[in-house]
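*Asks:* The structure file my_file-v4.tsv (TSV, N, CA and C atoms) is provided below.
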```
chain	number	residue	atom	x	y	z
A	106	MET	N	5.10	50.31	144.91
A	106	MET	CA	4.47	49.45	143.94
A	106	MET	C	3.83	50.32	142.85
A	107	GLU	N	4.00	49.91	141.63
A	107	GLU	CA	3.49	50.67	140.50
A	107	GLU	C	1.99	50.41	140.31
A	108	GLU	N	1.26	51.46	140.01
A	108	GLU	CA	-0.18	51.35	139.81
A	108	GLU	C	-0.49	50.77	138.42
A	109	ILE	N	-1.49	49.94	138.35
A	109	ILE	CA	-1.92	49.36	137.08
A	109	ILE	C	-2.84	50.35	136.40
A	110	ARG	N	-2.56	50.64	135.14
A	110	ARG	CA	-3.37	51.60	134.39
A	110	ARG	C	-4.51	50.86	133.71
A	111	ALA	N	-5.72	51.18	134.09
A	111	ALA	CA	-6.93	50.49	133.63
A	111	ALA	C	-7.09	50.52	132.11
A	112	GLU	N	-6.63	51.58	131.45
A	112	GLU	CA	-6.82	51.66	130.00
A	112	GLU	C	-6.03	50.60	129.24
A	113	PHE	N	-5.07	49.97	129.92
A	113	PHE	CA	-4.28	48.91	129.29
A	113	PHE	C	-4.84	47.51	129.56
A	114	LEU	N	-5.86	47.43	130.39
A	114	LEU	CA	-6.46	46.15	130.72
A	114	LEU	C	-7.65	45.88	129.80
A	115	ARG	N	-7.54	44.82	129.03
A	115	ARG	CA	-8.62	44.40	128.14
A	115	ARG	C	-8.67	42.88	128.13
A	116	PRO	N	-9.83	42.32	127.95
A	116	PRO	CA	-9.89	40.86	127.82
A	116	PRO	C	-9.02	40.40	126.64
A	117	LEU	N	-8.40	39.24	126.79
A	117	LEU	CA	-7.51	38.73	125.76
A	117	LEU	C	-8.19	38.62	124.40
A	118	LEU	N	-9.40	38.08	124.37
A	118	LEU	CA	-10.10	37.92	123.09
A	118	LEU	C	-10.39	39.27	122.43
A	119	THR	N	-10.64	40.29	123.22
A	119	THR	CA	-10.84	41.64	122.69
A	119	THR	C	-9.54	42.15	122.10
A	120	SER	N	-8.45	41.95	122.79
A	120	SER	CA	-7.14	42.38	122.29
A	120	SER	C	-6.78	41.68	120.99
A	121	LEU	N	-7.04	40.39	120.91
A	121	LEU	CA	-6.73	39.65	119.69
A	121	LEU	C	-7.58	40.10	118.51
A	122	SER	N	-8.84	40.43	118.77
A	122	SER	CA	-9.73	40.84	117.68
A	122	SER	C	-9.39	42.23	117.16
A	123	ALA	N	-8.55	42.97	117.86
A	123	ALA	CA	-8.15	44.31	117.41
A	123	ALA	C	-7.13	44.25	116.27
A	124	HIS	N	-6.53	43.10	116.06
A	124	HIS	CA	-5.54	42.95	114.99
A	124	HIS	C	-6.22	42.68	113.66
A	125	PRO	N	-5.62	43.11	112.54
A	125	PRO	CA	-6.19	42.80	111.22
A	125	PRO	C	-6.31	41.28	111.02
A	126	ALA	N	-7.43	40.84	110.50
A	126	ALA	CA	-7.72	39.41	110.35
A	126	ALA	C	-6.69	38.69	109.48
A	127	GLU	N	-6.07	39.39	108.54
A	127	GLU	CA	-5.13	38.74	107.62
A	127	GLU	C	-3.70	38.73	108.15
A	128	ARG	N	-3.46	39.35	109.27
A	128	ARG	CA	-2.12	39.42	109.85
A	128	ARG	C	-1.77	38.10	110.53
A	129	PRO	N	-0.54	37.59	110.35
A	129	PRO	CA	-0.15	36.35	111.03
A	129	PRO	C	-0.22	36.51	112.54
A	130	ALA	N	-0.80	35.50	113.20
A	130	ALA	CA	-0.96	35.54	114.65
A	130	ALA	C	-0.01	34.59	115.35
A	131	PHE	N	0.15	33.39	114.79
A	131	PHE	CA	0.96	32.38	115.46
A	131	PHE	C	1.51	31.42	114.43
A	132	SER	N	2.76	31.03	114.61
A	132	SER	CA	3.40	30.06	113.73
A	132	SER	C	4.17	29.06	114.57
A	133	ASP	N	4.13	27.82	114.16
A	133	ASP	CA	4.88	26.80	114.89
A	133	ASP	C	6.03	26.23	114.05
A	134	GLY	N	6.35	26.90	112.96
A	134	GLY	CA	7.41	26.42	112.09
A	134	GLY	C	6.91	25.54	110.96
A	135	ARG	N	5.75	24.95	111.15
A	135	ARG	CA	5.14	24.12	110.10
A	135	ARG	C	3.90	24.79	109.54
A	136	ARG	N	3.23	25.54	110.37
A	136	ARG	CA	1.93	26.12	109.99
A	136	ARG	C	1.79	27.48	110.64
A	137	THR	N	1.17	28.39	109.91
A	137	THR	CA	0.91	29.73	110.44
A	137	THR	C	-0.58	30.01	110.34
A	138	LEU	N	-1.13	30.60	111.41
A	138	LEU	CA	-2.53	31.02	111.40
A	138	LEU	C	-2.59	32.54	111.48
A	139	THR	N	-3.50	33.12	110.71
A	139	THR	CA	-3.75	34.55	110.84
A	139	THR	C	-4.68	34.78	112.02
A	140	TYR	N	-4.84	36.04	112.41
A	140	TYR	CA	-5.76	36.34	113.51
A	140	TYR	C	-7.19	35.91	113.15
A	141	GLY	N	-7.58	36.08	111.90
A	141	GLY	CA	-8.92	35.66	111.48
A	141	GLY	C	-9.09	34.15	111.56
A	142	GLU	N	-8.08	33.41	111.08
A	142	GLU	CA	-8.13	31.95	111.14
A	142	GLU	C	-8.12	31.45	112.59
A	143	LEU	N	-7.32	32.10	113.42
A	143	LEU	CA	-7.26	31.74	114.83
A	143	LEU	C	-8.60	31.97	115.51
A	144	ALA	N	-9.24	33.08	115.21
A	144	ALA	CA	-10.55	33.39	115.79
A	144	ALA	C	-11.59	32.35	115.37
A	145	ARG	N	-11.62	32.02	114.08
A	145	ARG	CA	-12.61	31.04	113.58
A	145	ARG	C	-12.34	29.65	114.16
A	146	ALA	N	-11.07	29.23	114.15
A	146	ALA	CA	-10.74	27.89	114.64
A	146	ALA	C	-11.05	27.75	116.13
A	147	SER	N	-10.72	28.76	116.91
A	147	SER	CA	-10.98	28.67	118.35
A	147	SER	C	-12.48	28.76	118.66
A	148	ALA	N	-13.22	29.53	117.87
A	148	ALA	CA	-14.68	29.61	118.06
A	148	ALA	C	-15.33	28.27	117.72
A	149	ASP	N	-14.90	27.65	116.63
A	149	ASP	CA	-15.44	26.34	116.25
A	149	ASP	C	-15.12	25.29	117.32
A	150	PHE	N	-13.89	25.30	117.80
A	150	PHE	CA	-13.47	24.35	118.83
A	150	PHE	C	-14.28	24.58	120.11
A	151	ALA	N	-14.45	25.83	120.50
A	151	ALA	CA	-15.21	26.17	121.72
A	151	ALA	C	-16.65	25.68	121.63
A	152	ALA	N	-17.23	25.81	120.44
A	152	ALA	CA	-18.62	25.38	120.25
A	152	ALA	C	-18.78	23.88	120.47
A	153	GLY	N	-17.73	23.13	120.21
A	153	GLY	CA	-17.80	21.68	120.36
A	153	GLY	C	-17.30	21.14	121.68
A	154	LEU	N	-16.80	22.00	122.56
A	154	LEU	CA	-16.24	21.52	123.82
A	154	LEU	C	-17.28	20.94	124.76
A	155	GLY	N	-18.43	21.55	124.86
A	155	GLY	CA	-19.47	21.04	125.74
A	155	GLY	C	-19.10	21.12	127.21
A	156	VAL	N	-18.46	22.21	127.62
A	156	VAL	CA	-18.08	22.38	129.02
A	156	VAL	C	-18.87	23.54	129.62
A	157	SER	N	-18.94	23.54	130.93
A	157	SER	CA	-19.64	24.60	131.65
A	157	SER	C	-18.66	25.68	132.09
A	158	ARG	N	-19.21	26.85	132.38
A	158	ARG	CA	-18.41	27.97	132.87
A	158	ARG	C	-17.62	27.55	134.11
A	159	GLY	N	-16.31	27.83	134.09
A	159	GLY	CA	-15.46	27.51	135.22
A	159	GLY	C	-14.95	26.08	135.28
A	160	GLU	N	-15.45	25.23	134.41
A	160	GLU	CA	-15.00	23.84	134.40
A	160	GLU	C	-13.55	23.78	133.91
A	161	ARG	N	-12.75	22.88	134.47
A	161	ARG	CA	-11.36	22.74	134.08
A	161	ARG	C	-11.23	21.82	132.87
A	162	VAL	N	-10.37	22.23	131.95
A	162	VAL	CA	-10.13	21.47	130.73
A	162	VAL	C	-8.64	21.24	130.59
A	163	LEU	N	-8.22	19.99	130.58
A	163	LEU	CA	-6.83	19.64	130.42
A	163	LEU	C	-6.44	19.82	128.95
A	164	VAL	N	-5.39	20.57	128.69
A	164	VAL	CA	-4.92	20.80	127.31
A	164	VAL	C	-3.56	20.12	127.18
A	165	HIS	N	-3.56	19.01	126.47
A	165	HIS	CA	-2.37	18.17	126.33
A	165	HIS	C	-1.95	18.16	124.86
A	166	VAL	N	-1.33	19.25	124.44
A	166	VAL	CA	-0.90	19.40	123.05
A	166	VAL	C	0.51	19.97	123.07
A	167	GLY	N	1.32	19.59	122.13
A	167	GLY	CA	2.69	20.10	122.06
A	167	GLY	C	2.73	21.57	121.68
A	168	ASN	N	3.92	22.09	121.51
A	168	ASN	CA	4.13	23.49	121.17
A	168	ASN	C	3.86	23.68	119.67
A	169	ARG	N	2.58	23.81	119.37
A	169	ARG	CA	2.18	23.98	117.97
A	169	ARG	C	0.88	24.78	117.90
A	170	VAL	N	0.45	25.07	116.71
A	170	VAL	CA	-0.72	25.91	116.47
A	170	VAL	C	-1.94	25.39	117.23
A	171	GLU	N	-2.14	24.11	117.27
A	171	GLU	CA	-3.31	23.53	117.92
A	171	GLU	C	-3.37	23.86	119.42
A	172	PHE	N	-2.22	24.04	120.05
A	172	PHE	CA	-2.18	24.40	121.46
A	172	PHE	C	-2.82	25.77	121.68
A	173	VAL	N	-2.46	26.72	120.85
A	173	VAL	CA	-3.00	28.07	120.96
A	173	VAL	C	-4.50	28.06	120.67
A	174	VAL	N	-4.91	27.33	119.65
A	174	VAL	CA	-6.33	27.22	119.31
A	174	VAL	C	-7.10	26.63	120.48
A	175	ALA	N	-6.57	25.56	121.07
A	175	ALA	CA	-7.25	24.90	122.19
A	175	ALA	C	-7.38	25.83	123.40
A	176	LEU	N	-6.30	26.53	123.76
A	176	LEU	CA	-6.38	27.43	124.91
A	176	LEU	C	-7.36	28.57	124.69
A	177	LEU	N	-7.38	29.13	123.49
A	177	LEU	CA	-8.35	30.20	123.21
A	177	LEU	C	-9.77	29.66	123.19
A	178	ALA	N	-9.95	28.43	122.72
A	178	ALA	CA	-11.27	27.82	122.73
A	178	ALA	C	-11.78	27.64	124.15
A	179	VAL	N	-10.93	27.19	125.04
A	179	VAL	CA	-11.30	27.02	126.44
A	179	VAL	C	-11.68	28.37	127.03
A	180	LEU	N	-10.92	29.39	126.72
A	180	LEU	CA	-11.22	30.75	127.19
A	180	LEU	C	-12.57	31.23	126.66
A	181	ARG	N	-12.83	31.00	125.38
A	181	ARG	CA	-14.12	31.38	124.78
A	181	ARG	C	-15.28	30.66	125.45
A	182	ALA	N	-15.05	29.44	125.90
A	182	ALA	CA	-16.10	28.65	126.54
A	182	ALA	C	-16.24	29.01	128.02
A	183	ALA	N	-15.48	30.00	128.49
A	183	ALA	CA	-15.50	30.46	129.89
A	183	ALA	C	-15.08	29.36	130.86
A	184	ALA	N	-14.26	28.45	130.35
A	184	ALA	CA	-13.73	27.39	131.20
A	184	ALA	C	-12.31	27.77	131.62
A	185	VAL	N	-11.66	26.89	132.35
A	185	VAL	CA	-10.31	27.14	132.83
A	185	VAL	C	-9.37	26.13	132.16
A	186	GLY	N	-8.44	26.63	131.38
A	186	GLY	CA	-7.48	25.77	130.70
A	186	GLY	C	-6.38	25.32	131.65
A	187	VAL	N	-6.07	24.05	131.61
A	187	VAL	CA	-4.98	23.50	132.41
A	187	VAL	C	-3.97	22.91	131.43
A	188	PRO	N	-3.01	23.73	130.99
A	188	PRO	CA	-2.02	23.21	130.03
A	188	PRO	C	-1.04	22.27	130.71
A	189	VAL	N	-0.75	21.17	130.05
A	189	VAL	CA	0.24	20.22	130.56
A	189	VAL	C	1.23	19.90	129.45
A	190	SER	N	2.40	19.51	129.85
A	190	SER	CA	3.45	19.20	128.90
A	190	SER	C	3.07	18.01	128.03
A	191	ALA	N	3.42	18.11	126.76
A	191	ALA	CA	3.20	16.98	125.85
A	191	ALA	C	4.09	15.80	126.23
A	192	ARG	N	5.09	16.06	127.07
A	192	ARG	CA	6.01	15.01	127.52
A	192	ARG	C	5.56	14.34	128.82
A	193	SER	N	4.40	14.71	129.31
A	193	SER	CA	3.90	14.11	130.55
A	193	SER	C	3.70	12.62	130.38
A	194	THR	N	4.01	11.88	131.42
A	194	THR	CA	3.82	10.43	131.38
A	194	THR	C	2.34	10.11	131.62
A	195	GLU	N	1.97	8.88	131.36
A	195	GLU	CA	0.59	8.46	131.62
A	195	GLU	C	0.25	8.59	133.10
A	196	ALA	N	1.20	8.28	133.95
A	196	ALA	CA	0.97	8.39	135.40
A	196	ALA	C	0.74	9.85	135.81
A	197	GLU	N	1.54	10.76	135.24
A	197	GLU	CA	1.37	12.18	135.55
A	197	GLU	C	0.01	12.69	135.06
A	198	LEU	N	-0.37	12.28	133.87
A	198	LEU	CA	-1.68	12.69	133.33
A	198	LEU	C	-2.81	12.13	134.19
A	199	ALA	N	-2.69	10.88	134.59
A	199	ALA	CA	-3.74	10.27	135.42
A	199	ALA	C	-3.87	11.03	136.74
A	200	HIS	N	-2.76	11.42	137.32
A	200	HIS	CA	-2.77	12.17	138.57
A	200	HIS	C	-3.48	13.53	138.37
A	201	LEU	N	-3.14	14.23	137.29
A	201	LEU	CA	-3.77	15.52	137.01
A	201	LEU	C	-5.27	15.38	136.77
A	202	ILE	N	-5.65	14.37	136.06
A	202	ILE	CA	-7.08	14.14	135.77
A	202	ILE	C	-7.84	13.82	137.06
A	203	ASP	N	-7.25	13.01	137.92
A	203	ASP	CA	-7.89	12.66	139.19
A	203	ASP	C	-8.00	13.86	140.11
A	204	ASP	N	-7.04	14.78	140.01
A	204	ASP	CA	-7.01	15.97	140.86
A	204	ASP	C	-8.08	16.92	140.38
```
Spit out the file's structure as structure tokens when you get a sec.
*Replies:*
Amino acid sequence: MEEIRAEFLRPLLTSLSAHPAERPAFSDGRRTLTYGELARASADFAAGLGVSRGERVLVHVGNRVEFVVALLAVLRAAAVGVPVSARSTEAELAHLIDD
């Protein structure tokens, strides 16, 4: 088994902040966010989440910029993101929420 090199392990938010703020970070074909915009949007979203550390947050967004913003916001809030498919049925969502 290969040993994990500690110098390559960094928190995700630290790794993202190492990129130039004006550099494109994510694009969904309709919209592109730079690393700076992604950091600001996820910080604003995190501030409004109102969740506690370790609390689970269901993220029900399609494959677009808002999905990345939401997951990073949950991470910033020290919560646990639970991504689900945008194609989930109401019954599937209800089951996940009850669980």
*Asks:* In chain A, what's helix (DSSP H, G or I) per DSSP? Answer as number ranges by chain?
*Replies:* A: 111-113, 117-122, 140-154, 170-181, 195-203
*Asks:* Can you spit out the residues from that selection as a short mmCIF file (atom, residue, chain, number, x, y, z; two decimals), in the coordinates of the input, using N, CA and C atoms?
*Replies:*
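Saved to again_3.cif:
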```cif
data_model
loop_
_atom_site.label_atom_id
_atom_site.label_comp_id
_atom_site.auth_asym_id
_atom_site.auth_seq_id
_atom_site.Cartn_x
_atom_site.Cartn_y
_atom_site.Cartn_z
N ALA A 111 -5.72 51.18 134.09
CA ALA A 111 -6.93 50.49 133.63
C ALA A 111 -7.09 50.52 132.11
N GLU A 112 -6.63 51.58 131.45
CA GLU A 112 -6.82 51.66 130.00
C GLU A 112 -6.03 50.60 129.24
N PHE A 113 -5.07 49.97 129.92
CA PHE A 113 -4.28 48.91 129.29
C PHE A 113 -4.84 47.51 129.56
N LEU A 117 -8.40 39.24 126.79
CA LEU A 117 -7.51 38.73 125.76
C LEU A 117 -8.19 38.62 124.40
N LEU A 118 -9.40 38.08 124.37
CA LEU A 118 -10.10 37.92 123.09
C LEU A 118 -10.39 39.27 122.43
N THR A 119 -10.64 40.29 123.22
CA THR A 119 -10.84 41.64 122.69
C THR A 119 -9.54 42.15 122.10
N SER A 120 -8.45 41.95 122.79
CA SER A 120 -7.14 42.38 122.29
C SER A 120 -6.78 41.68 120.99
N LEU A 121 -7.04 40.39 120.91
CA LEU A 121 -6.73 39.65 119.69
C LEU A 121 -7.58 40.10 118.51
N SER A 122 -8.84 40.43 118.77
CA SER A 122 -9.73 40.84 117.68
C SER A 122 -9.39 42.23 117.16
N TYR A 140 -4.84 36.04 112.41
CA TYR A 140 -5.76 36.34 113.51
C TYR A 140 -7.19 35.91 113.15
N GLY A 141 -7.58 36.08 111.90
CA GLY A 141 -8.92 35.66 111.48
C GLY A 141 -9.09 34.15 111.56
N GLU A 142 -8.08 33.41 111.08
CA GLU A 142 -8.13 31.95 111.14
C GLU A 142 -8.12 31.45 112.59
N LEU A 143 -7.32 32.10 113.42
CA LEU A 143 -7.26 31.74 114.83
C LEU A 143 -8.60 31.97 115.51
N ALA A 144 -9.24 33.08 115.21
CA ALA A 144 -10.55 33.39 115.79
C ALA A 144 -11.59 32.35 115.37
N ARG A 145 -11.62 32.02 114.08
CA ARG A 145 -12.61 31.04 113.58
C ARG A 145 -12.34 29.65 114.16
N ALA A 146 -11.07 29.23 114.15
CA ALA A 146 -10.74 27.89 114.64
C ALA A 146 -11.05 27.75 116.13
N SER A 147 -10.72 28.76 116.91
CA SER A 147 -10.98 28.67 118.35
C SER A 147 -12.48 28.76 118.66
N ALA A 148 -13.22 29.53 117.87
CA ALA A 148 -14.68 29.61 118.06
C ALA A 148 -15.33 28.27 117.72
N ASP A 149 -14.90 27.65 116.63
CA ASP A 149 -15.44 26.34 116.25
C ASP A 149 -15.12 25.29 117.32
N PHE A 150 -13.89 25.30 117.80
CA PHE A 150 -13.47 24.35 118.83
C PHE A 150 -14.28 24.58 120.11
N ALA A 151 -14.45 25.83 120.50
CA ALA A 151 -15.21 26.17 121.72
C ALA A 151 -16.65 25.68 121.63
N ALA A 152 -17.23 25.81 120.44
CA ALA A 152 -18.62 25.38 120.25
C ALA A 152 -18.78 23.88 120.47
N GLY A 153 -17.73 23.13 120.21
CA GLY A 153 -17.80 21.68 120.36
C GLY A 153 -17.30 21.14 121.68
N LEU A 154 -16.80 22.00 122.56
CA LEU A 154 -16.24 21.52 123.82
C LEU A 154 -17.28 20.94 124.76
N VAL A 170 0.45 25.07 116.71
CA VAL A 170 -0.72 25.91 116.47
C VAL A 170 -1.94 25.39 117.23
N GLU A 171 -2.14 24.11 117.27
CA GLU A 171 -3.31 23.53 117.92
C GLU A 171 -3.37 23.86 119.42
N PHE A 172 -2.22 24.04 120.05
CA PHE A 172 -2.18 24.40 121.46
C PHE A 172 -2.82 25.77 121.68
N VAL A 173 -2.46 26.72 120.85
CA VAL A 173 -3.00 28.07 120.96
C VAL A 173 -4.50 28.06 120.67
N VAL A 174 -4.91 27.33 119.65
CA VAL A 174 -6.33 27.22 119.31
C VAL A 174 -7.10 26.63 120.48
N ALA A 175 -6.57 25.56 121.07
CA ALA A 175 -7.25 24.90 122.19
C ALA A 175 -7.38 25.83 123.40
N LEU A 176 -6.30 26.53 123.76
CA LEU A 176 -6.38 27.43 124.91
C LEU A 176 -7.36 28.57 124.69
N LEU A 177 -7.38 29.13 123.49
CA LEU A 177 -8.35 30.20 123.21
C LEU A 177 -9.77 29.66 123.19
N ALA A 178 -9.95 28.43 122.72
CA ALA A 178 -11.27 27.82 122.73
C ALA A 178 -11.78 27.64 124.15
N VAL A 179 -10.93 27.19 125.04
CA VAL A 179 -11.30 27.02 126.44
C VAL A 179 -11.68 28.37 127.03
N LEU A 180 -10.92 29.39 126.72
CA LEU A 180 -11.22 30.75 127.19
C LEU A 180 -12.57 31.23 126.66
N ARG A 181 -12.83 31.00 125.38
CA ARG A 181 -14.12 31.38 124.78
C ARG A 181 -15.28 30.66 125.45
N GLU A 195 1.97 8.88 131.36
CA GLU A 195 0.59 8.46 131.62
C GLU A 195 0.25 8.59 133.10
N ALA A 196 1.20 8.28 133.95
CA ALA A 196 0.97 8.39 135.40
C ALA A 196 0.74 9.85 135.81
N GLU A 197 1.54 10.76 135.24
CA GLU A 197 1.37 12.18 135.55
C GLU A 197 0.01 12.69 135.06
N LEU A 198 -0.37 12.28 133.87
CA LEU A 198 -1.68 12.69 133.33
C LEU A 198 -2.81 12.13 134.19
N ALA A 199 -2.69 10.88 134.59
CA ALA A 199 -3.74 10.27 135.42
C ALA A 199 -3.87 11.03 136.74
N HIS A 200 -2.76 11.42 137.32
CA HIS A 200 -2.77 12.17 138.57
C HIS A 200 -3.48 13.53 138.37
N LEU A 201 -3.14 14.23 137.29
CA LEU A 201 -3.77 15.52 137.01
C LEU A 201 -5.27 15.38 136.77
N ILE A 202 -5.65 14.37 136.06
CA ILE A 202 -7.08 14.14 135.77
C ILE A 202 -7.84 13.82 137.06
N ASP A 203 -7.25 13.01 137.92
CA ASP A 203 -7.89 12.66 139.19
C ASP A 203 -8.00 13.86 140.11
#
```
*Asks:* Select, from A:Val185, A:Ile202, A:Leu117, A:Val179, the residue with the minimum atom-to-atom distance to A:Ala152, counting only N, CA and C atoms.
*Replies:* A:Val179
*Asks:* To one decimal place, how far is atom C of A:Val166 from atom C of A:His200 in Å?
*Replies:* 17.1 Å
*Asks:* I need every residue sitting at most 8 Å from the point (-11.0, 20.6, 136.2) (coordinates as in the file, only N, CA and C atoms considered), written as number ranges by chain.
*Replies:* A: 159-163, 185, 187, 201-202, 204
*Asks:* Which residues in chain A does DSSP call strand (DSSP E or B)? List them as a PyMOL selection string.
*Replies:* chain A and resi 129-132+137-139+161-164+185-188
*Asks:* What box, with edges along x, y and z, holds each listed atom of stretch 111-120 of chain A when 4 Å is added on every side, and can you state its centre and edge lengths in Å to one decimal, as AutoDock Vina command-line options?
*Replies:*
```
--center_x -7.6 --center_y 44.8 --center_z 127.5 --size_x 14.6 --size_y 21.7 --size_z 21.1
```
*Asks:* Have a look at A:Ser157, A:Ser122, A:Ser193, A:Asn168 and name the one nearest to A:Thr139; count only C-alpha atoms.
*Replies:*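 Looking only at the distances to A:Thr139, the closest residue turns out to be A:Ser122.
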*Asks:* Go ahead and compute the interatomic distance for atom C of A:Arg158 and atom CA of A:Ala183, in Å to one decimal.
*Replies:*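 Atom CA of A:Ala183 lies 5.5 Å from atom C of A:Arg158.
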*Asks:* Which distance in Å separates atom CA of A:Thr137 and atom CA of A:Ala191, to one decimal?
*Replies:*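 Interatomic distance here is 20.1 Å.
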